[in-house]
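For reference, coords_33.txt is printed below; it contains compact mmCIF, C-alpha atoms and all ligand atoms.
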# COMPACT_ATOMS: atom_id res chain seq x y z
CA MET A 455 28.40 3.06 62.84
CA ILE A 456 29.07 1.75 66.31
CA SER A 457 26.75 3.04 68.98
CA ALA A 458 28.13 4.32 72.24
CA SER A 459 26.18 1.82 74.31
CA THR A 460 27.39 -1.14 72.23
CA ALA A 461 30.96 0.10 72.64
CA GLY A 462 30.41 0.39 76.39
CA TRP A 463 29.17 -3.19 76.63
CA VAL A 464 32.03 -4.51 74.53
CA VAL A 465 34.59 -2.74 76.72
CA ALA A 466 32.94 -4.00 79.92
CA ALA A 467 32.93 -7.53 78.47
CA LEU A 468 36.60 -7.30 77.51
CA ILE A 469 37.49 -6.17 81.03
CA LEU A 470 35.65 -9.16 82.47
CA VAL A 471 37.17 -11.56 79.94
CA LYS A 472 40.64 -10.43 80.92
CA TRP A 473 39.75 -10.82 84.57
CA SER A 474 38.43 -14.33 83.95
CA GLY A 475 41.63 -15.19 82.13
CA GLU A 476 43.74 -13.97 85.03
CA THR A 477 41.60 -15.79 87.56
CA PHE A 478 41.70 -19.01 85.57
CA LEU A 479 45.49 -18.93 85.19
CA SER A 480 45.89 -18.20 88.86
CA TRP A 481 43.53 -21.05 89.80
CA LEU A 482 45.45 -23.42 87.53
CA ASN A 483 48.74 -22.46 89.11
CA ARG A 484 47.51 -22.67 92.69
CA GLY A 485 46.12 -26.13 92.05
CA HIS A 486 49.41 -27.23 90.56
CA VAL A 487 51.40 -25.93 93.52
CA LEU A 488 48.94 -27.43 96.04
CA ARG A 489 49.21 -30.86 94.41
CA HIS A 490 53.00 -30.85 94.67
CA ARG A 491 53.19 -28.86 97.85
CA ASN A 492 54.66 -31.31 100.31
CA THR A 493 56.90 -33.69 98.43
CA VAL A 494 59.98 -32.42 96.67
CA PRO A 495 59.74 -33.57 93.01
CA LYS A 496 62.41 -36.04 91.85
CA ALA A 497 64.06 -33.42 89.66
CA PHE A 498 64.83 -31.27 92.69
CA GLU A 499 66.10 -33.94 95.02
CA GLY A 500 69.51 -32.95 96.31
CA ILE A 501 69.06 -29.44 94.94
CA ILE A 502 66.68 -28.01 97.46
CA ASP A 503 65.90 -29.08 101.01
CA GLU A 504 62.36 -29.85 102.04
CA ALA A 505 61.90 -26.88 104.35
CA THR A 506 62.94 -24.35 101.68
CA TYR A 507 60.82 -26.14 99.11
CA ARG A 508 57.73 -25.86 101.31
CA LYS A 509 58.47 -22.28 102.14
CA SER A 510 58.74 -21.41 98.44
CA ASN A 511 55.34 -22.99 97.85
CA ASP A 512 53.81 -21.10 100.74
CA TYR A 513 55.28 -17.88 99.38
CA THR A 514 53.86 -18.60 95.93
CA LEU A 515 50.40 -19.31 97.37
CA ALA A 516 50.43 -16.20 99.56
CA LYS A 517 51.48 -14.01 96.64
CA SER A 518 48.85 -15.56 94.42
CA LYS A 519 46.13 -14.84 96.95
CA LEU A 520 47.14 -11.21 97.25
CA ASP A 521 47.43 -10.96 93.45
CA GLN A 522 43.86 -12.12 93.08
CA ILE A 523 42.62 -9.53 95.55
CA GLU A 524 44.60 -6.86 93.71
CA THR A 525 43.27 -7.92 90.32
CA ALA A 526 39.68 -7.92 91.54
CA TRP A 527 40.13 -4.54 93.17
CA ASP A 528 41.63 -3.07 89.99
CA VAL A 529 38.70 -4.38 87.96
CA VAL A 530 36.21 -2.76 90.34
CA VAL A 531 38.09 0.55 90.24
CA LEU A 532 38.33 0.48 86.44
CA LEU A 533 34.64 -0.31 85.98
CA VAL A 534 33.60 2.43 88.40
CA VAL A 535 35.93 4.98 86.82
CA LEU A 536 34.76 4.15 83.29
CA PHE A 537 31.04 3.69 83.78
CA SER A 538 29.92 5.71 86.79
CA GLY A 539 30.35 9.03 84.99
CA VAL A 540 32.87 10.20 87.58
CA LEU A 541 35.55 10.87 84.92
CA ALA A 542 33.30 13.05 82.78
CA TRP A 543 32.12 14.85 85.91
CA ALA A 544 35.69 15.48 87.08
CA TYR A 545 36.61 16.68 83.61
CA GLY A 546 33.65 19.09 83.61
CA VAL A 547 34.72 20.57 86.94
CA PHE A 548 38.38 20.74 85.95
CA SER A 549 37.95 22.26 82.50
CA GLY A 550 35.36 24.70 83.89
CA ARG A 551 38.05 26.07 86.16
CA PHE A 552 41.24 25.71 84.15
CA GLY A 553 40.09 25.56 80.54
CA ASN A 554 41.13 23.22 77.73
CA SER A 555 44.70 24.19 77.00
CA ALA A 556 47.38 21.53 76.60
CA TRP A 557 48.76 22.57 80.00
CA ALA A 558 45.36 22.16 81.68
CA MET A 559 44.60 18.85 79.95
CA ALA A 560 47.99 17.45 80.88
CA ALA A 561 47.36 18.49 84.48
CA PHE A 562 43.97 16.77 84.40
CA LEU A 563 45.50 13.53 83.08
CA PHE A 564 48.20 13.74 85.69
CA VAL A 565 45.73 14.23 88.54
CA ILE A 566 43.57 11.31 87.37
CA GLY A 567 46.65 9.10 87.08
CA LEU A 568 47.68 10.09 90.57
CA ALA A 569 44.22 9.43 92.00
CA LEU A 570 44.19 5.99 90.37
CA SER A 571 47.59 5.10 91.74
CA LEU A 572 46.37 6.08 95.22
CA THR A 573 43.68 3.39 95.01
CA GLY A 574 46.44 0.78 94.76
CA LEU A 575 48.51 2.17 97.62
CA PRO A 576 47.04 0.19 100.54
CA LEU A 577 47.60 -3.14 98.78
CA ASP A 578 51.13 -2.13 97.76
CA TRP A 579 51.81 -1.31 101.38
CA TYR A 580 50.38 -4.62 102.53
CA HIS A 581 52.50 -6.48 99.97
CA GLN A 582 55.72 -4.92 101.24
CA PHE A 583 55.14 -4.76 104.98
CA ARG A 584 53.01 -7.81 105.55
CA LEU A 585 53.63 -10.39 102.84
CA GLU A 586 57.31 -9.74 102.09
CA GLU A 587 57.91 -9.22 105.78
CA ARG A 588 56.33 -12.56 106.65
CA PHE A 589 58.72 -14.40 104.34
CA GLY A 590 61.74 -12.50 105.57
CA PHE A 591 62.36 -10.43 102.43
CA ASN A 592 61.37 -6.98 103.58
CA THR A 593 64.13 -4.63 104.70
CA THR A 594 62.37 -1.41 103.69
CA THR A 595 61.58 1.01 106.48
CA GLN A 596 58.33 2.98 106.49
CA LYS A 597 60.36 6.12 105.88
CA THR A 598 62.12 4.71 102.81
CA TRP A 599 58.85 3.40 101.41
CA TRP A 600 56.99 6.69 101.70
CA LEU A 601 60.01 8.66 100.49
CA ASP A 602 60.15 6.41 97.40
CA ARG A 603 56.57 7.31 96.60
CA LEU A 604 57.21 10.98 97.15
CA LYS A 605 60.28 10.91 94.89
CA GLY A 606 58.28 9.06 92.25
CA LEU A 607 55.59 11.74 92.40
CA LEU A 608 58.12 14.57 92.08
CA LEU A 609 59.79 12.86 89.12
CA GLY A 610 56.37 12.47 87.53
CA ILE A 611 55.70 16.18 87.90
CA LEU A 612 59.16 17.12 86.66
CA LEU A 613 59.40 14.70 83.72
CA GLY A 614 56.01 13.13 83.02
CA TYR A 615 53.98 16.32 83.09
CA PRO A 616 56.12 18.26 80.54
CA LEU A 617 56.12 15.19 78.27
CA LEU A 618 52.31 15.06 78.38
CA VAL A 619 52.13 18.77 77.59
CA LEU A 620 54.49 18.25 74.65
CA VAL A 621 52.39 15.38 73.25
CA LEU A 622 49.20 17.46 73.50
CA LYS A 623 50.93 20.48 71.97
CA LEU A 624 52.08 18.31 69.08
CA VAL A 625 48.43 17.49 68.40
CA GLU A 626 47.75 21.22 68.05
CA TRP A 627 50.84 21.91 65.96
CA THR A 628 51.02 19.01 63.55
CA GLY A 629 47.46 18.12 62.49
CA PRO A 630 46.28 14.65 61.41
CA ARG A 631 49.74 13.10 61.57
CA TRP A 632 50.18 14.11 65.19
CA TRP A 633 50.50 10.49 66.26
CA LEU A 634 53.77 10.11 64.34
CA TRP A 635 55.20 13.20 66.01
CA ALA A 636 53.93 12.20 69.41
CA TRP A 637 55.52 8.79 68.98
CA ALA A 638 58.82 10.38 67.91
CA ALA A 639 58.73 12.67 70.95
CA MET A 640 58.10 9.69 73.21
CA MET A 641 60.99 7.75 71.68
CA GLY A 642 63.31 10.75 72.03
CA PHE A 643 62.29 11.07 75.66
CA GLN A 644 63.00 7.40 76.31
CA LEU A 645 66.42 7.61 74.69
CA ILE A 646 67.36 10.63 76.77
CA MET A 647 66.11 8.89 79.89
CA ALA A 648 68.11 5.77 79.10
CA VAL A 649 71.24 7.91 79.20
CA LEU A 650 70.30 10.21 82.06
CA ALA A 651 68.42 7.88 84.39
CA PRO A 652 71.49 5.92 85.55
CA VAL A 653 73.29 9.18 86.28
CA PHE A 654 70.53 11.31 87.80
CA ILE A 655 67.55 9.16 88.75
CA LEU A 656 68.78 5.79 90.02
CA PRO A 657 71.08 7.49 92.59
CA LEU A 658 68.00 9.19 94.06
CA PHE A 659 66.81 5.78 95.17
CA ASN A 660 69.97 3.76 95.76
CA LYS A 661 73.63 4.12 96.58
CA PHE A 662 76.10 2.94 93.96
CA THR A 663 79.67 2.24 94.89
CA PRO A 664 82.47 0.84 92.74
CA LEU A 665 83.16 -2.81 93.40
CA PRO A 666 86.19 -2.72 95.72
CA GLU A 667 89.60 -3.98 94.61
CA GLY A 668 90.08 -7.65 95.19
CA SER A 669 89.74 -11.10 93.72
CA LEU A 670 86.11 -10.65 92.66
CA ARG A 671 86.76 -7.42 90.82
CA GLU A 672 89.79 -8.90 89.12
CA ARG A 673 87.85 -11.97 88.07
CA LEU A 674 84.99 -9.93 86.62
CA LEU A 675 87.31 -7.54 84.78
CA LYS A 676 89.15 -10.50 83.29
CA LEU A 677 85.84 -11.89 82.06
CA ALA A 678 84.96 -8.51 80.52
CA GLU A 679 88.32 -8.49 78.77
CA ARG A 680 87.97 -12.08 77.58
CA THR A 681 84.57 -11.33 76.07
CA ARG A 682 85.69 -7.92 74.76
CA PHE A 683 83.01 -6.21 76.75
CA LYS A 684 83.79 -2.61 77.47
CA ALA A 685 82.22 -1.30 80.62
CA ARG A 686 83.04 1.88 82.38
CA SER A 687 82.72 0.35 85.80
CA ILE A 688 81.32 -2.38 87.93
CA GLN A 689 79.07 -0.97 90.60
CA VAL A 690 77.48 -2.40 93.70
CA MET A 691 73.96 -1.26 94.50
CA ASP A 692 72.58 -1.32 98.02
CA GLY A 693 69.55 -3.44 97.10
CA SER A 694 69.50 -4.66 100.69
CA LYS A 695 68.09 -1.25 101.64
CA ARG A 696 64.68 -2.45 100.46
CA SER A 697 64.67 -6.20 100.13
CA ARG A 698 66.65 -9.41 100.45
CA HIS A 699 65.79 -10.30 96.84
CA SER A 700 68.82 -10.23 94.57
CA ASN A 701 69.58 -9.23 91.01
CA ALA A 702 72.09 -7.87 88.49
CA PHE A 703 71.66 -5.56 85.51
CA PHE A 704 73.23 -3.13 83.04
CA THR A 705 72.51 0.51 82.73
CA GLY A 706 73.45 3.16 80.26
CA PHE A 707 74.60 3.17 76.68
CA GLY A 708 77.94 3.03 74.96
CA ARG A 709 80.66 4.68 76.98
CA PHE A 710 78.33 5.16 79.94
CA ARG A 711 77.61 1.50 80.30
CA LYS A 712 77.73 0.25 83.86
CA ILE A 713 77.43 -3.21 85.31
CA VAL A 714 75.41 -3.21 88.49
CA LEU A 715 75.39 -6.01 91.03
CA PHE A 716 73.05 -6.00 94.02
CA ASP A 717 74.91 -6.26 97.30
CA THR A 718 72.47 -9.06 98.15
CA LEU A 719 73.65 -11.02 95.10
CA ILE A 720 77.29 -10.67 96.11
CA GLY A 721 76.37 -11.96 99.55
CA GLN A 722 74.60 -15.04 98.17
CA LEU A 723 76.86 -16.30 95.39
CA ALA A 724 80.39 -17.62 95.19
CA GLU A 725 82.83 -15.63 93.04
CA VAL A 726 82.77 -18.06 90.16
CA GLU A 727 78.95 -17.96 90.20
CA LEU A 728 78.96 -14.17 90.11
CA GLU A 729 81.27 -14.43 87.11
CA ALA A 730 78.73 -16.72 85.44
CA VAL A 731 75.90 -14.26 86.17
CA LEU A 732 77.92 -11.45 84.63
CA ALA A 733 78.72 -13.69 81.64
CA HIS A 734 74.97 -14.21 81.21
CA GLU A 735 74.42 -10.44 81.23
CA ILE A 736 77.25 -9.94 78.73
CA GLY A 737 75.55 -12.63 76.63
CA HIS A 738 72.43 -10.44 76.40
CA PHE A 739 74.64 -7.62 75.26
CA LYS A 740 76.67 -9.59 72.72
CA LYS A 741 73.58 -11.13 71.17
CA LYS A 742 72.11 -7.62 70.82
CA HIS A 743 69.02 -8.53 72.81
CA ILE A 744 68.60 -5.06 74.24
CA PRO A 745 68.41 -3.10 70.96
CA LYS A 746 66.18 -5.82 69.48
CA MET A 747 63.78 -5.55 72.41
CA LEU A 748 63.85 -1.75 72.25
CA PHE A 749 63.13 -1.87 68.53
CA ALA A 750 60.15 -4.18 69.08
CA ALA A 751 58.86 -1.97 71.89
CA ALA A 752 59.19 1.09 69.63
CA ALA A 753 57.25 -0.67 66.86
CA GLY A 754 54.58 -1.65 69.38
CA SER A 755 54.24 1.87 70.65
CA LEU A 756 54.02 3.24 67.08
CA LEU A 757 51.13 0.87 66.48
CA GLY A 758 49.60 2.00 69.78
CA PHE A 759 49.76 5.67 68.79
CA TYR A 760 48.22 4.89 65.42
CA VAL A 761 45.32 2.98 67.03
CA LEU A 762 44.89 5.86 69.48
CA SER A 763 44.69 8.34 66.60
CA VAL A 764 41.97 6.25 64.93
CA LEU A 765 39.99 5.85 68.16
CA ALA A 766 40.32 9.57 68.88
CA ARG A 767 38.30 10.28 65.72
CA GLN A 768 35.36 8.07 66.74
CA ALA A 769 32.46 9.72 68.53
CA TRP A 770 31.47 6.45 70.27
CA PHE A 771 34.85 6.17 71.93
CA TYR A 772 34.06 9.28 74.00
CA GLU A 773 30.31 8.90 74.36
CA ALA A 774 30.55 5.35 75.72
CA PHE A 775 32.17 6.81 78.83
CA GLY A 776 30.04 9.93 79.20
CA PHE A 777 32.20 12.41 77.29
CA LYS A 778 31.36 14.66 74.39
CA SER A 779 33.68 13.86 71.48
CA GLY A 780 36.69 15.70 70.27
CA ASN A 781 39.36 16.16 72.90
CA ILE A 782 42.50 14.15 72.26
CA GLY A 783 43.55 14.48 75.90
CA ILE A 784 40.46 12.51 76.87
CA ALA A 785 41.16 9.94 74.15
CA LEU A 786 44.66 9.58 75.57
CA LEU A 787 43.27 9.01 79.05
CA LEU A 788 40.71 6.41 77.93
CA PHE A 789 43.31 4.68 75.79
CA GLY A 790 45.66 4.52 78.77
CA LEU A 791 42.92 2.97 80.91
CA LEU A 792 41.86 0.45 78.27
CA ALA A 793 45.04 -0.61 76.48
CA GLY A 794 45.65 -3.38 79.03
CA ILE A 795 42.52 -5.32 78.06
CA VAL A 796 44.16 -5.99 74.69
CA THR A 797 47.88 -6.02 75.47
CA PHE A 798 47.32 -8.58 78.23
CA TRP A 799 46.60 -11.21 75.58
CA LEU A 800 49.75 -10.30 73.66
CA SER A 801 52.03 -10.55 76.67
CA PRO A 802 52.67 -14.33 76.30
CA LEU A 803 54.26 -13.55 72.96
CA THR A 804 56.75 -11.09 74.44
CA HIS A 805 57.41 -13.47 77.32
CA TRP A 806 58.08 -16.34 74.96
CA TRP A 807 60.47 -14.13 73.05
CA SER A 808 62.20 -13.01 76.23
CA ARG A 809 62.64 -16.64 77.35
CA ARG A 810 64.39 -17.45 74.07
CA TYR A 811 66.85 -14.68 74.81
CA GLU A 812 67.41 -16.02 78.31
CA TYR A 813 68.37 -19.43 76.89
CA GLN A 814 70.75 -17.75 74.46
CA ALA A 815 72.40 -15.73 77.22
CA ASP A 816 72.67 -18.86 79.38
CA ARG A 817 74.36 -20.69 76.52
CA PHE A 818 76.74 -17.79 75.97
CA ALA A 819 77.66 -17.82 79.65
CA ALA A 820 78.28 -21.57 79.65
CA ASP A 821 80.49 -21.18 76.57
CA VAL A 822 82.69 -18.40 77.92
CA MET A 823 82.94 -20.16 81.27
CA ASN A 824 83.86 -23.39 79.46
CA GLU A 825 81.26 -25.26 81.51
CA PRO A 826 77.69 -24.75 82.64
CA GLY A 827 78.39 -25.65 86.29
CA PRO A 828 78.87 -22.17 87.77
CA LEU A 829 75.79 -20.77 86.04
CA ILE A 830 73.65 -23.72 87.10
CA GLY A 831 74.93 -23.25 90.63
CA ALA A 832 74.07 -19.55 90.53
CA LEU A 833 70.58 -20.14 89.14
CA ARG A 834 69.81 -22.77 91.75
CA LYS A 835 70.93 -20.51 94.56
CA LEU A 836 69.01 -17.54 93.18
CA ASN A 837 65.83 -19.58 92.91
CA GLU A 838 66.31 -20.86 96.41
CA LYS A 839 67.14 -17.52 98.02
CA ASN A 840 64.30 -15.73 96.25
CA LEU A 841 61.86 -18.57 97.02
CA SER A 842 60.89 -18.72 93.34
CA ASN A 843 58.06 -21.00 92.41
CA LEU A 844 59.85 -24.15 91.26
CA ILE A 845 56.72 -25.88 90.02
CA PRO A 846 54.52 -23.37 88.19
CA HIS A 847 51.77 -24.78 85.99
CA PRO A 848 53.23 -24.90 82.45
CA VAL A 849 50.37 -22.83 81.05
CA TYR A 850 50.86 -20.26 83.78
CA SER A 851 54.62 -19.95 83.31
CA GLY A 852 54.16 -19.98 79.54
CA PHE A 853 51.82 -17.03 79.85
CA TYR A 854 53.55 -14.91 82.46
CA TYR A 855 57.22 -15.84 82.79
CA SER A 856 59.84 -13.67 81.14
CA HIS A 857 62.48 -16.16 82.33
CA PRO A 858 62.33 -19.93 81.88
CA THR A 859 61.84 -21.98 85.02
CA LEU A 860 64.90 -23.30 86.84
CA LEU A 861 64.27 -26.83 85.61
CA ASP A 862 64.03 -25.71 81.97
CA ARG A 863 67.20 -23.64 82.17
CA ASP A 864 68.98 -26.40 83.99
CA SER A 865 68.15 -29.03 81.37
CA ALA A 866 68.81 -26.68 78.44
CA LEU A 867 72.31 -26.22 79.81
CA GLN A 868 73.00 -29.93 80.08
CA PRO A 869 73.34 -31.86 76.80
CA PRO A 870 76.45 -30.63 74.95
CA PHE A 871 78.36 -30.24 78.19
CA THR A 872 77.84 -33.68 79.61
CA THR A 873 81.55 -34.51 79.51
CA HIS A 874 82.49 -31.86 82.02
CA THR A 875 79.31 -30.89 83.82
CA GLN A 876 79.73 -29.91 87.38
CA LEU A 877 76.48 -30.70 89.07
CA ALA A 878 77.18 -29.49 92.55
CA PRO A 879 77.40 -25.73 92.95
CA PRO A 880 81.13 -24.90 93.14
CA ASN A 881 82.51 -23.12 96.14
ZN ZN A 901 68.86 -12.74 81.45

Step by step, read the file and then write its structure as structure tokens.
Ligand SMILES: [Zn+2]
Amino acid sequence: MISASTAGWVVAALILVKWSGETFLSWLNRGHVLRHRNTVPKAFEGIIDEATYRKSNDYTLAKSKLDQIETAWDVVVLLVVLFSGVLAWAYGVFSGRFGNSAWAMAAFLFVIGLALSLTGLPLDWYHQFRLEERFGFNTTTQKTWWLDRLKGLLLGILLGYPLLVLVLKLVEWTGPRWWLWAWAAMMGFQLIMAVLAPVFILPLFNKFTPLPEGSLRERLLKLAERTRFKARSIQVMDGSKRSRHSNAFFTGFGRFRKIVLFDTLIGQLAEVELEAVLAHEIGHFKKKHIPKMLFAAAAGSLLGFYVLSVLARQAWFYEAFGFKSGNIGIALLLFGLLAGIVTFWLSPLTHWWSRRYEYQADRFAADVMNEPGPLIGALRKLNEKNLSNLIPHPVYSGFYYSHPTLLDRDSALQPPFTTHTQLAPPN
């Protein structure tokens, strides 16, 4: 038997251990950047000018400082929410008024989630309108920013709330194996969203227009043909509405597949570099990275639901945070609040895995382009324009980075291509 107070102490300790880990990694990285702050390392000579290099380091340091404030703030909020008794009090008030039905419980979870996200709002605002602004990235207006939040809230009410009700109803309907059903419902929801989101949700936030006729479109379509990649269309997204950061991605499944390029990306790269970026994305597709990742995520969430179902049967899990035992809605809430203290330590594994896929996609792109030059050129420009940290501490990037650093990607692309490597970015 685990006592409620022991469980409480263990959870508090785990929260602080995670915080220490984050603080340590951040300290390590800051030190590394500070040591190399002013002199461009040999490996980057001729690739990046000194002013941009310094600016990227300043940006990294500023972000890291804000991150640390955010992390500390989140820890305080989490500790207060878990151990002050405010949750159990709010639940008492809420269930006294609205009862314990699945509909009422889902509403309670939704309201708590909303209240918690409000605690992060001021720092989110500061990040966008102070930090990003200072480094010239912000293009979001106040109106767009607040409208985004409002749209997010409405989508949550329209989609998230019914899903929560369904999960809680499944607990009532299906008995001890509810977690399997709940997991299946969640997977079904995600599949539907993967199809519908590009059509109905993304356009709520951004404008998508077909890439206009011309040499770029022709070049990209030829690449798609060469790699036997069927895409319905190539779309341009007005990413510049919010930020000068740039990106490219796929959406949709099967026939509905769309290639999306940020307008900012098109502005920054030469045509042959854009082709290389698209080749990299096609590489992810051809190597089946997306279904493999989805499968792993599904397995992870099945495990999560199973653990939740076990915890939901333990009296200490509720009592440690001031609740009387028994309500799965409450277990779901506590699980949602606490899962991060464990998953945080697993994230390096997923990041390592994701980096392997990035190398594979890079290699695919270099192969179909017959040379790594254009991709290397694109990566260099992207790192420069986005002021990416070029010199993260290896432990830090190993832990957090889903993409390898520029230097690692650059050198991974070199060896077998040495006979026809183009080192300067082509024009
Ligand atoms: Zn990639």

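Across A:Ala815, A:Leu757, A:Val530, A:Leu860, the tightest approach to ligand ZN 901 (chain A) is made by A:Ala815 when counting only C-alpha atoms and all ligand atoms.
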
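For ligand ZN 901 (chain A), the protein and nucleic acid residues at most 9 Å away, judged by only C-alpha atoms and all ligand atoms, amount to Phe703, Val731, His734, Glu735, Gly737, His738, Ser808, Arg809, Tyr811, Glu812, Tyr813, Gln814, Ala815, Asp816 and His857 of chain A.
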
Pull C-alpha atoms from the residues just selected and write them as an mmCIF file, keeping the file's coordinate frame.
data_model
loop_
_atom_site.group_PDB
_atom_site.id
_atom_site.type_symbol
_atom_site.label_atom_id
_atom_site.label_comp_id
_atom_site.auth_asym_id
_atom_site.auth_seq_id
_atom_site.Cartn_x
_atom_site.Cartn_y
_atom_site.Cartn_z
ATOM 1 C CA PHE A 703 71.660 -5.560 85.510
ATOM 2 C CA VAL A 731 75.900 -14.260 86.170
ATOM 3 C CA HIS A 734 74.970 -14.210 81.210
ATOM 4 C CA GLU A 735 74.420 -10.440 81.230
ATOM 5 C CA GLY A 737 75.550 -12.630 76.630
ATOM 6 C CA HIS A 738 72.430 -10.440 76.400
ATOM 7 C CA SER A 808 62.200 -13.010 76.230
ATOM 8 C CA ARG A 809 62.640 -16.640 77.350
ATOM 9 C CA TYR A 811 66.850 -14.680 74.810
ATOM 10 C CA GLU A 812 67.410 -16.020 78.310
ATOM 11 C CA TYR A 813 68.370 -19.430 76.890
ATOM 12 C CA GLN A 814 70.750 -17.750 74.460
ATOM 13 C CA ALA A 815 72.400 -15.730 77.220
ATOM 14 C CA ASP A 816 72.670 -18.860 79.380
ATOM 15 C CA HIS A 857 62.480 -16.160 82.330
#

Shell of 12 Å around range 478-493 of chain A, only C-alpha atoms, local chain residues under 3 positions omitted, as a PDB file with C-alpha atoms, keeping the file's coordinate frame:
ATOM      1  CA  LEU A 470      35.650  -9.160  82.470  1.00  0.00           C
ATOM      2  CA  VAL A 471      37.170 -11.560  79.940  1.00  0.00           C
ATOM      3  CA  LYS A 472      40.640 -10.430  80.920  1.00  0.00           C
ATOM      4  CA  TRP A 473      39.750 -10.820  84.570  1.00  0.00           C
ATOM      5  CA  SER A 474      38.430 -14.330  83.950  1.00  0.00           C
ATOM      6  CA  GLY A 475      41.630 -15.190  82.130  1.00  0.00           C
ATOM      7  CA  LYS A 496      62.410 -36.040  91.850  1.00  0.00           C
ATOM      8  CA  ALA A 497      64.060 -33.420  89.660  1.00  0.00           C
ATOM      9  CA  PHE A 498      64.830 -31.270  92.690  1.00  0.00           C
ATOM     10  CA  GLU A 499      66.100 -33.940  95.020  1.00  0.00           C
ATOM     11  CA  ILE A 502      66.680 -28.010  97.460  1.00  0.00           C
ATOM     12  CA  ASP A 503      65.900 -29.080 101.010  1.00  0.00           C
ATOM     13  CA  GLU A 504      62.360 -29.850 102.040  1.00  0.00           C
ATOM     14  CA  ALA A 505      61.900 -26.880 104.350  1.00  0.00           C
ATOM     15  CA  THR A 506      62.940 -24.350 101.680  1.00  0.00           C
ATOM     16  CA  TYR A 507      60.820 -26.140  99.110  1.00  0.00           C
ATOM     17  CA  ARG A 508      57.730 -25.860 101.310  1.00  0.00           C
ATOM     18  CA  LYS A 509      58.470 -22.280 102.140  1.00  0.00           C
ATOM     19  CA  SER A 510      58.740 -21.410  98.440  1.00  0.00           C
ATOM     20  CA  ASN A 511      55.340 -22.990  97.850  1.00  0.00           C
ATOM     21  CA  ASP A 512      53.810 -21.100 100.740  1.00  0.00           C
ATOM     22  CA  TYR A 513      55.280 -17.880  99.380  1.00  0.00           C
ATOM     23  CA  THR A 514      53.860 -18.600  95.930  1.00  0.00           C
ATOM     24  CA  LEU A 515      50.400 -19.310  97.370  1.00  0.00           C
ATOM     25  CA  ALA A 516      50.430 -16.200  99.560  1.00  0.00           C
ATOM     26  CA  LYS A 517      51.480 -14.010  96.640  1.00  0.00           C
ATOM     27  CA  SER A 518      48.850 -15.560  94.420  1.00  0.00           C
ATOM     28  CA  LYS A 519      46.130 -14.840  96.950  1.00  0.00           C
ATOM     29  CA  LEU A 520      47.140 -11.210  97.250  1.00  0.00           C
ATOM     30  CA  ASP A 521      47.430 -10.960  93.450  1.00  0.00           C
ATOM     31  CA  GLN A 522      43.860 -12.120  93.080  1.00  0.00           C
ATOM     32  CA  ILE A 523      42.620  -9.530  95.550  1.00  0.00           C
ATOM     33  CA  THR A 525      43.270  -7.920  90.320  1.00  0.00           C
ATOM     34  CA  SER A 842      60.890 -18.720  93.340  1.00  0.00           C
ATOM     35  CA  ASN A 843      58.060 -21.000  92.410  1.00  0.00           C
ATOM     36  CA  LEU A 844      59.850 -24.150  91.260  1.00  0.00           C
ATOM     37  CA  ILE A 845      56.720 -25.880  90.020  1.00  0.00           C
ATOM     38  CA  PRO A 846      54.520 -23.370  88.190  1.00  0.00           C
ATOM     39  CA  HIS A 847      51.770 -24.780  85.990  1.00  0.00           C
ATOM     40  CA  PRO A 848      53.230 -24.900  82.450  1.00  0.00           C
ATOM     41  CA  VAL A 849      50.370 -22.830  81.050  1.00  0.00           C
ATOM     42  CA  TYR A 850      50.860 -20.260  83.780  1.00  0.00           C
ATOM     43  CA  SER A 851      54.620 -19.950  83.310  1.00  0.00           C
ATOM     44  CA  GLY A 852      54.160 -19.980  79.540  1.00  0.00           C
ATOM     45  CA  PHE A 853      51.820 -17.030  79.850  1.00  0.00           C
ATOM     46  CA  TYR A 854      53.550 -14.910  82.460  1.00  0.00           C
TER      47      TYR A 854
END

**OP:** Give me the residues within 12 Å of range 609-618 of chain A as number ranges by chain, counting all atoms listed in the file and dropping any in the same chain fewer than 5 places off.
**Re:** A: 555-565, 567-568, 602-604, 623-625, 636-644, 646-647, 650-651, 654-656, 658-659, 782-783, 786-787

Subject >> Within 12 Å of Leu575 in chain A using all atoms listed in the file, minus same-chain residues under 3 positions, as a list in words >> reply: Glu524, Trp527, Asp528, Leu568, Ala569, Leu570, Ser571, Leu572, Asp578, Trp579, Tyr580, His581, Gln582, Trp599, Trp600 and Arg603 of chain A

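Residues surrounding Phe704 in chain A within 8 Å are Arg711, Lys712, Ile713, Val714 and Glu735 of chain A [all atoms listed in the file; sequence separation below 5 positions excluded].
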
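Across the structure, CA of Leu723 in chain A and CA of Ala832 in chain A are spaced 6.5 Å apart.
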
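Relative to CA of Ala753 in chain A, CA of Leu765 in chain A is found at 18.5 Å.
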
**OP:** May I ask which of the residues A:Ala820, A:Ala752, A:Ile736, A:Leu836 is the closest one to Leu645 in chain A, counting all atoms listed in the file?
**Re:** A:Ala752

**OP:** Grab the CA of Ala526 in chain A to CA of Glu587 in chain A distance for me, in Å with one decimal place.
**Re:**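 According to the coordinates, CA of Ala526 in chain A and CA of Glu587 in chain A are separated by 23.2 Å.
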
Original post:
Using all atoms listed in the file, which of A:Thr663, A:Gln689, A:Ser856, A:Asn837 sits nearest Leu803 in chain A?
Top reply: A:Ser856

Subject >> Non-local contacts of Val726 in chain A (10 Å; all atoms listed in the file; under 4 positions in same chain excluded) as a PyMOL selection string >> reply: chain A and resi 670+673-674+730-732+823+827-829+831-832+879-881

Subject >> Shortest interatomic distance to Ala750 in chain A - which of A:Leu791, A:Thr804, A:Trp633, A:Ala544, counting only C-alpha atoms >> reply: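 Among the listed residues, A:Thr804 lies closest to Ala750 in chain A.
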